[in-house]
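Here is the structure we will look at.
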Amino acid sequence: MSELRIENLWKEYGDQIVLENVSLTVPSRAFVALVGPSGCGKSTFLRMLLGQERPTRGRILLDGELLPAQPGADRGVVFQRYSVFPHLTVLGNVLLGKELSGARYMAKLFGAARRNAIAEAQQLIGEVGLAGAEDKYPAQLSGGMQQRLALAQALIMKPKVMLLDEPFGALDPGIRAEIHILMKRLWHETQMTVVMVTHDMREAFTLASRVVAFERRRDRPEEKLRYGATITKDISIWPPRQAGSPSIFSPDRDGLVAYQGHCRDDLASSGETQP
Ligand SMILES: Nc1ncnc2c1ncn2[C@@H]1O[C@H](COP(=O)(O)OP(=O)(O)OP(=O)(O)O)[C@@H](O)[C@H]1O
């Protein structure tokens, strides 16, 4: 289970009210896309879910418990850029979370623990399509490969909730479509709850089970700082999508991934047809 409950959340920076009375329940295995005009507070909201920022008022519960004040392994995050460490290899980046959590003081695992962590990291690297690139550094990878690496880096900690801040925004359309297929497959396989900020409506409706729009209800320039954004639209995609559940959409509408609740692009690449 990994339900997020946001209750009457406010965020102010000095005199500026950024978010105003936001309430939202994100059920387990949902994929929520947050959309809205630039500067309305989407990233601020995501940073509060991560634990990087504290709400001015209101509270956030994860599975009924108040969210810890610090980011933790239960919440993974991928940003548009700079999610991975440039001085670590692909393998080093994916191993890092395990090393930090398994050997808190030296940040290095030894013996069987290290071998197991490496095997797990290598499997994940394969799953995101980076097999063979284990020893490369991020600067030697394309933008799409770096974002695949960032996903693997976050996933190794098996987060309950994955937070994505425009993770694919800097990618070319072709690469973006490929990584959408990967993202959908990972969502179905891991069955995590996802909250993603995006500017791309098409991306929101392709990936999400629900699209939530933030906006200021009153937007007179002279009052801009006095009113925060809140949820103005909340659209559930129909037929409902849920991680791990097959979609009744035809594969060409909802992507091959959702066909049986897991990846079918192996069929696509082999030239076979769907049964
Ligand atoms: N640490 C901070 N201190 C002061 N103001 C901040 C801080 N972080 C964000 N803000 C302000 O909060 C508002 C919302 O910013 P935020 O980045 O959350 O918006 P956004 O909707 O994600 O924008 P975009 O879509 O352009 O990324 C902005 O006016 C910004 O200047």
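Naming works like this for the structure tokens: A, B, ... for the chains as they're shown, residue 1 at the start of each chain, ligands 1 onward in shown order.
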* Asked: Neighbours of range 129-137 of chain A within 7 Å (only C-alpha atoms; same-chain residues fewer than 5 positions away dropped), as a PyMOL selection string?
  -> chain A and resi 86-91
* Could you tell me, as a PyMOL selection string, which residues of range 112-269 of chain A DSSP assigns to strand (DSSP E or B) when given the backbone? => chain A and resi 161-165+193-197+210-216+229-236
File of the preceding selection, C-alpha atoms, as a short mmCIF file (atom, residue, chain, number, x, y, z; two decimals), in the first residue's frame:
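Result file again.cif:
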data_model
loop_
_atom_site.label_atom_id
_atom_site.label_comp_id
_atom_site.auth_asym_id
_atom_site.auth_seq_id
_atom_site.Cartn_x
_atom_site.Cartn_y
_atom_site.Cartn_z
CA VAL A 161 6.15 6.63 -4.14
CA MET A 162 8.00 7.90 -7.20
CA LEU A 163 8.14 11.67 -7.67
CA LEU A 164 8.96 12.91 -11.16
CA ASP A 165 9.61 16.60 -11.92
CA THR A 193 2.35 5.30 -6.72
CA VAL A 194 3.63 8.01 -9.07
CA VAL A 195 3.24 11.79 -8.96
CA MET A 196 4.67 13.53 -12.04
CA VAL A 197 4.92 17.24 -12.87
CA ARG A 210 -5.42 10.98 -13.29
CA VAL A 211 -4.56 14.52 -14.39
CA VAL A 212 -4.70 17.25 -11.75
CA ALA A 213 -4.46 20.94 -12.72
CA PHE A 214 -3.16 23.65 -10.38
CA GLU A 215 -4.13 27.25 -11.04
CA ARG A 216 -4.81 30.50 -9.24
CA ALA A 229 -2.75 28.18 -6.69
CA THR A 230 -5.06 25.34 -5.83
CA ILE A 231 -6.57 22.35 -7.62
CA THR A 232 -8.96 23.59 -10.28
CA LYS A 233 -9.41 20.39 -12.31
CA ASP A 234 -9.12 16.73 -11.41
CA ILE A 235 -9.65 14.40 -14.35
CA SER A 236 -9.68 10.62 -13.96
#
* **Selection: 8 Å around range 15-29 of chain A, only C-alpha atoms, excl. self and same-chain fewer than 4 positions, as a list of chain:residue names** =>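 The filter keeps A:Met1, A:Ser2, A:Glu3, A:Leu4, A:Arg5, A:Ile6, A:Glu7, A:Asn8, A:Leu9, A:Trp10, A:Lys11, A:Cys40, A:Gly41, A:Phe45, A:Gly58, A:Gln191, A:Met192, A:Thr193, A:Val194, A:Leu225, A:Arg226, A:Tyr227, A:Gly228, A:Ala229, A:Thr230, A:Ile231, A:Gln242, A:Ala243, A:Gly244.
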Residues from last step as file, N, CA and C atoms, as a compact mmCIF listing (two decimals), in the first residue's frame:
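Result file is part_38.txt:
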# COMPACT_ATOMS: atom_id res chain seq x y z
N MET A 1 0.83 -1.20 0.00
CA MET A 1 0.00 0.00 0.00
C MET A 1 0.87 1.26 0.00
N SER A 2 0.47 2.28 -0.68
CA SER A 2 1.26 3.51 -0.68
C SER A 2 0.35 4.68 -1.06
N GLU A 3 -0.56 4.98 -0.15
CA GLU A 3 -1.52 6.06 -0.40
C GLU A 3 -0.98 7.38 0.15
N LEU A 4 -1.09 8.42 -0.66
CA LEU A 4 -0.69 9.76 -0.21
C LEU A 4 -1.94 10.56 0.08
N ARG A 5 -2.00 11.20 1.24
CA ARG A 5 -3.14 12.07 1.53
C ARG A 5 -2.62 13.45 1.88
N ILE A 6 -3.07 14.42 1.11
CA ILE A 6 -2.64 15.81 1.32
C ILE A 6 -3.86 16.56 1.84
N GLU A 7 -3.69 17.18 3.01
CA GLU A 7 -4.85 17.80 3.65
C GLU A 7 -4.62 19.29 3.88
N ASN A 8 -5.44 20.11 3.24
CA ASN A 8 -5.47 21.57 3.47
C ASN A 8 -4.07 22.18 3.50
N LEU A 9 -3.33 21.93 2.45
CA LEU A 9 -1.93 22.33 2.40
C LEU A 9 -1.77 23.77 1.91
N TRP A 10 -0.98 24.54 2.62
CA TRP A 10 -0.64 25.90 2.21
C TRP A 10 0.86 26.01 2.15
N LYS A 11 1.37 26.80 1.19
CA LYS A 11 2.80 27.10 1.18
C LYS A 11 3.00 28.57 0.88
N CYS A 40 3.14 28.22 -10.91
CA CYS A 40 1.96 28.08 -10.04
C CYS A 40 2.26 27.20 -8.82
N GLY A 41 3.43 26.61 -8.75
CA GLY A 41 3.78 25.90 -7.52
C GLY A 41 3.82 24.38 -7.63
N PHE A 45 5.11 21.90 -4.69
CA PHE A 45 4.24 20.84 -4.16
C PHE A 45 5.00 19.50 -4.14
N GLY A 58 -1.21 22.73 7.04
CA GLY A 58 -1.73 21.51 6.46
C GLY A 58 -0.78 20.35 6.68
N GLN A 191 4.40 -1.38 -9.42
CA GLN A 191 3.11 -1.02 -8.80
C GLN A 191 3.26 0.11 -7.78
N MET A 192 4.20 1.01 -8.07
CA MET A 192 4.37 2.14 -7.16
C MET A 192 3.35 3.23 -7.49
N THR A 193 3.19 4.12 -6.52
CA THR A 193 2.35 5.30 -6.72
C THR A 193 3.25 6.38 -7.32
N VAL A 194 2.79 7.02 -8.39
CA VAL A 194 3.63 8.01 -9.07
C VAL A 194 2.95 9.37 -9.06
N LEU A 225 0.48 37.94 -5.46
CA LEU A 225 1.15 37.31 -4.33
C LEU A 225 0.18 36.95 -3.21
N ARG A 226 -1.06 37.46 -3.29
CA ARG A 226 -1.98 37.28 -2.17
C ARG A 226 -2.83 36.01 -2.30
N TYR A 227 -2.82 35.42 -3.49
CA TYR A 227 -3.60 34.20 -3.67
C TYR A 227 -2.71 33.12 -4.26
N GLY A 228 -2.79 31.96 -3.63
CA GLY A 228 -1.99 30.85 -4.14
C GLY A 228 -2.78 30.04 -5.15
N ALA A 229 -2.07 29.09 -5.76
CA ALA A 229 -2.75 28.18 -6.69
C ALA A 229 -3.39 27.06 -5.88
N THR A 230 -4.43 26.50 -6.46
CA THR A 230 -5.06 25.34 -5.83
C THR A 230 -5.53 24.41 -6.95
N ILE A 231 -6.15 23.30 -6.58
CA ILE A 231 -6.57 22.35 -7.62
C ILE A 231 -7.85 22.88 -8.28
N GLN A 242 -4.59 1.42 -13.54
CA GLN A 242 -3.99 1.17 -12.23
C GLN A 242 -2.76 0.31 -12.44
N ALA A 243 -1.70 0.62 -11.71
CA ALA A 243 -0.46 -0.16 -11.87
C ALA A 243 -0.76 -1.63 -11.67
N GLY A 244 -0.29 -2.45 -12.61
CA GLY A 244 -0.42 -3.90 -12.46
C GLY A 244 -1.73 -4.46 -13.00
* Residues within 8 Å of Val128 in chain A, only C-alpha atoms, excluding chain neighbours under 3 positions, as a list in words -> Leu124, Ile125, Arg148, Leu149, Leu151, Ala152 and Leu182 of chain A
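Closest approach to Gln122 in chain A from the set A:Val94, A:Arg75, A:Lys108, A:Ser101 is made by A:Val94, with distances taken over only C-alpha atoms.
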Looking only at the backbone, which of the residues in range 7-62 of chain A does DSSP tag as helix (DSSP H, G or I), as a PDB file with C-alpha atoms, in the first residue's frame?
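Resulting contents of selection_5.pdb:
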ATOM      1  CA  LYS A  42       3.876  22.392  -9.027  1.00  0.00           C
ATOM      2  CA  SER A  43       7.551  21.804  -8.189  1.00  0.00           C
ATOM      3  CA  THR A  44       7.069  23.318  -4.741  1.00  0.00           C
ATOM      4  CA  PHE A  45       4.240  20.836  -4.163  1.00  0.00           C
ATOM      5  CA  LEU A  46       6.450  17.944  -5.326  1.00  0.00           C
ATOM      6  CA  ARG A  47       9.299  19.112  -3.072  1.00  0.00           C
ATOM      7  CA  MET A  48       6.891  19.007  -0.122  1.00  0.00           C
ATOM      8  CA  LEU A  49       5.946  15.417  -1.015  1.00  0.00           C
ATOM      9  CA  LEU A  50       9.659  14.628  -1.133  1.00  0.00           C
TER      10      LEU A  50
END
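Take CA of Ala30 in chain A and CA of Gly174 in chain A: the distance between them is 25.6 Å.
Of the residues listed (A:Gln146, A:Thr56, A:Thr198, A:Gln70), A:Thr198 shows the shortest atom-to-atom separation from ligand 1; distances use only C-alpha atoms and all ligand atoms.
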* Which residue gives the smallest distance to ligand 1 among A:Leu67, A:Asp200, A:Ser209, A:Gly144, with only C-alpha atoms and all ligand atoms counted? -> A:Asp200
* To do: Rounded to one decimal place, report the CA of Val78 in chain A-CA of Ala154 in chain A distance in Å.
  =>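 Computing it gives 7.2 Å between the two atoms.
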* Asked: If you measure from CA of Asn93 in chain A to CA of Pro68 in chain A, what distance in Å do you get, rounded to one decimal?
  ->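 Separation of CA of Asn93 in chain A and CA of Pro68 in chain A: 24.7 Å.
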* **Who sits within 10 Å of Arg176 in chain A, only C-alpha atoms, same chain under 6 positions skipped, as a ChimeraX atom specification** => /A:144,167-170,182,203
Output N, CA and C atoms for every residue in the selection just made, as a short mmCIF file (atom, residue, chain, number, x, y, z; two decimals), in the first residue's frame.
data_model
loop_
_atom_site.label_atom_id
_atom_site.label_comp_id
_atom_site.auth_asym_id
_atom_site.auth_seq_id
_atom_site.Cartn_x
_atom_site.Cartn_y
_atom_site.Cartn_z
N GLY A 144 18.51 10.79 -23.01
CA GLY A 144 17.53 9.73 -22.73
C GLY A 144 18.14 8.65 -21.84
N PRO A 167 10.50 14.82 -15.83
CA PRO A 167 11.66 13.96 -16.05
C PRO A 167 12.04 13.80 -17.52
N PHE A 168 11.06 13.97 -18.40
CA PHE A 168 11.34 13.72 -19.82
C PHE A 168 11.26 15.01 -20.64
N GLY A 169 11.16 16.15 -19.94
CA GLY A 169 10.93 17.43 -20.60
C GLY A 169 12.03 17.87 -21.55
N ALA A 170 13.27 17.42 -21.29
CA ALA A 170 14.38 17.88 -22.12
C ALA A 170 14.70 16.90 -23.26
N LEU A 182 8.86 2.70 -21.46
CA LEU A 182 9.61 2.17 -20.32
C LEU A 182 8.93 2.56 -19.00
N GLU A 203 1.75 13.98 -22.75
CA GLU A 203 2.46 13.07 -21.83
C GLU A 203 1.57 12.74 -20.63
#
* To do: Return the single residue from A:Gly97, A:Pro138, A:Phe31, A:Asp172 that is closest to Ala208 in chain A, with distances computed using only C-alpha atoms.
  => A:Phe31
* Structure fact -> Residue with the minimum atom-to-atom distance to Arg81 in chain A, picked from A:Ile237, A:Ile156, A:Ala150, A:Leu186 with only C-alpha atoms counted, is A:Ala150
* With only C-alpha atoms as the basis for distance, which of A:Leu207, A:Leu61, A:Met183, A:Val84 is at the shortest distance from Leu34 in chain A? ->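 Among the listed residues, the smallest separation from Leu34 in chain A belongs to A:Leu207.
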